[in-house]
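Here's the structure we're looking at; comments come further down.
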Amino acid sequence: MNSKDLSYWYEIAKPILDHPEYQKRKKYMHHGDTSVYTHSVGVSLRAFQIGKKFNLDLKSLIIAGLLHDFYKTPWQDVKEHLPLFKRHGFTHAKDALLNSRIYFSEYLNPTIENSILRHMFPLNKIPPKTKEGFVLTIADKLESLDLLLSKKSLLLSLGVRI
Ligand SMILES: [Fe+2]
Ligand SMILES: [Fe+2]
């Protein structure tokens, strides 16, 4: 990514990144030792890059990437045993949307809202309504896959096969 793109990304992302409630996501673990903050920044940058290639709404992609996992409670803190469809994987997208409306309503629009709500497609069966929403689901999965692959290569370098 060139510096002009990066500075555009940062201009849009900065007010969200700097918000004290968003800063707390540095302490929410996503998977392994990656925080929700780091994961979401990665997804936002990736969605932005893909969106540029297809001439999509970049501002919406940047914001949706940052907020797609902005749920209230770290999933590791949910101790009660919930039925499958009430578990984090199925519920956090809606939770992230409701929480985003509380803290960042002025940054939302229908494309961003629907992208956040539908980002767990196809685990959640209803697909996103917009191309931006599809890009977000892909960026999220690529980002998570990258993490897994980097872990795998790290473990392989130590002689551990997974
Ligand atoms: Fe998510
Ligand atoms: Fe995610």
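Ligands are numbered from 1 in the order shown, residues from 1 within each chain, and chains are lettered A, B, ... in the order they appear in the structure tokens.
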Checklist line | Nearby polymer residues, ligand 2, at most 7 Å, only C-alpha atoms and all ligand atoms, as a ChimeraX atom specification | finding: /A:39-40,68-69,140
Could you save the residues just selected, with C-alpha atoms, as a short mmCIF file (atom, residue, chain, number, x, y, z; two decimals), in the first residue's frame?
data_model
loop_
_atom_site.label_atom_id
_atom_site.label_comp_id
_atom_site.auth_asym_id
_atom_site.auth_seq_id
_atom_site.Cartn_x
_atom_site.Cartn_y
_atom_site.Cartn_z
CA HIS A 39 -7.31 -8.09 13.82
CA SER A 40 -9.79 -5.32 13.00
CA HIS A 68 -17.16 -5.63 12.40
CA ASP A 69 -15.96 -7.27 15.65
CA ASP A 140 -12.11 -11.05 7.51
#
Do you have, as a Markdown table, the list of residues of chain A lying at most 10 Å from ligand 1, each with its nearest atom pair and that distance in Å to one decimal, counting only C-alpha atoms and all ligand atoms and ordered by chain then number?
| residue | atom | partner | partner_atom_place_in_ligand_line | distance |
| --- | --- | --- | --- | --- |
| A:His30 | CA | ligand 1 | 1 (Fe) | 9.0 |
| A:Val36 | CA | ligand 1 | 1 (Fe) | 9.3 |
| A:His39 | CA | ligand 1 | 1 (Fe) | 9.7 |
| A:Ser40 | CA | ligand 1 | 1 (Fe) | 9.1 |
| A:Gly65 | CA | ligand 1 | 1 (Fe) | 9.8 |
| A:Leu67 | CA | ligand 1 | 1 (Fe) | 9.4 |
| A:His68 | CA | ligand 1 | 1 (Fe) | 6.1 |
| A:Asp69 | CA | ligand 1 | 1 (Fe) | 4.8 |
| A:Phe70 | CA | ligand 1 | 1 (Fe) | 8.5 |
| A:Tyr71 | CA | ligand 1 | 1 (Fe) | 8.8 |
| A:His88 | CA | ligand 1 | 1 (Fe) | 8.8 |
| A:Gly89 | CA | ligand 1 | 1 (Fe) | 7.2 |
| A:Phe90 | CA | ligand 1 | 1 (Fe) | 9.1 |
| A:Thr91 | CA | ligand 1 | 1 (Fe) | 9.3 |
| A:His92 | CA | ligand 1 | 1 (Fe) | 6.5 |
| A:Ala93 | CA | ligand 1 | 1 (Fe) | 6.1 |
| A:Lys94 | CA | ligand 1 | 1 (Fe) | 9.8 |
| A:Ala96 | CA | ligand 1 | 1 (Fe) | 8.4 |
| A:Ile116 | CA | ligand 1 | 1 (Fe) | 8.4 |
| A:Leu117 | CA | ligand 1 | 1 (Fe) | 9.4 |
| A:Arg118 | CA | ligand 1 | 1 (Fe) | 9.4 |
| A:His119 | CA | ligand 1 | 1 (Fe) | 6.6 |
| A:Met120 | CA | ligand 1 | 1 (Fe) | 6.2 |
| A:Phe121 | CA | ligand 1 | 1 (Fe) | 9.9 |
| A:Thr137 | CA | ligand 1 | 1 (Fe) | 8.8 |
| A:Asp140 | CA | ligand 1 | 1 (Fe) | 7.4 |
| A:Lys141 | CA | ligand 1 | 1 (Fe) | 9.1 |
| A:Ser144 | CA | ligand 1 | 1 (Fe) | 9.8 |
Item checked: From A:Arg25, A:Lys125, A:His19, A:Lys53, residue lying nearest Pro74 of chain A [only C-alpha atoms] -> A:Arg25
Notebook entry, point to check: Distance atom CA of His31 of chain A-atom CA of Val43 of chain A, one decimal place?
Noted result: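 Separation between atom CA of His31 of chain A and atom CA of Val43 of chain A: 14.0 Å.
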Next item on the list: Would you work out the distance separating atom CA of Phe134 of chain A from atom CA of Leu82 of chain A, expressed in Å to one decimal?
Entry: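 Atom-to-atom, atom CA of Phe134 of chain A and atom CA of Leu82 of chain A are spaced 28.6 Å apart.
Minimum atom-to-atom distances from A:Ser60, A:Ala47, A:Leu145, A:Asn55 to Tyr107 of chain A were compared using only C-alpha atoms, and the lowest value belongs to A:Ser60.
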Next item on the list: Enter the distance from atom CA of Thr130 of chain A to atom CA of Leu61 of chain A, in Å, rounded to one decimal.
Entry: 10.9 Å
Next item on the list: Pick out each residue of segment 37-123 of chain A that DSSP on the backbone tags as alpha helix (DSSP H); I need them as a PyMOL selection string.
Entry: chain A and resi 37-53+58-67+88-104+110-117
Notebook entry, point to check: Near Phe104 of chain A, counting only C-alpha atoms, which residues have an atom at most 12 Å away, once you skip same-chain residues fewer than 2 positions from it, shown as a ChimeraX atom specification?
Noted result: /A:13,15-22,63-64,66-67,70,96-102,106-109,112-113
Margin query: Which of chain A end up as strand (DSSP E or B) when DSSP is run on this backbone - answer as a ChimeraX atom specification?
Written below: /A:29-31,34-35
Note to self: If we count only C-alpha atoms and set the cut-off at 10 Å, which residues sit around Glu11 of chain A, ignoring sequence neighbours fewer than 5 positions away in its own chain? Please answer as a list of chain:residue names.
What the structure shows: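 Within the cut-off, the hits are A:Asp5, A:Leu6, A:Lys59.
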Could you write out the selected residues, including C-alpha atoms, as a tab-separated table (two decimals), in the first residue's frame?
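Wrote out_29.tsv, looks like this:
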chain	number	residue	atom	x	y	z
A	5	ASP	CA	-3.51	5.32	0.41
A	6	LEU	CA	-2.30	4.72	3.92
A	59	LYS	CA	-14.85	4.89	3.41
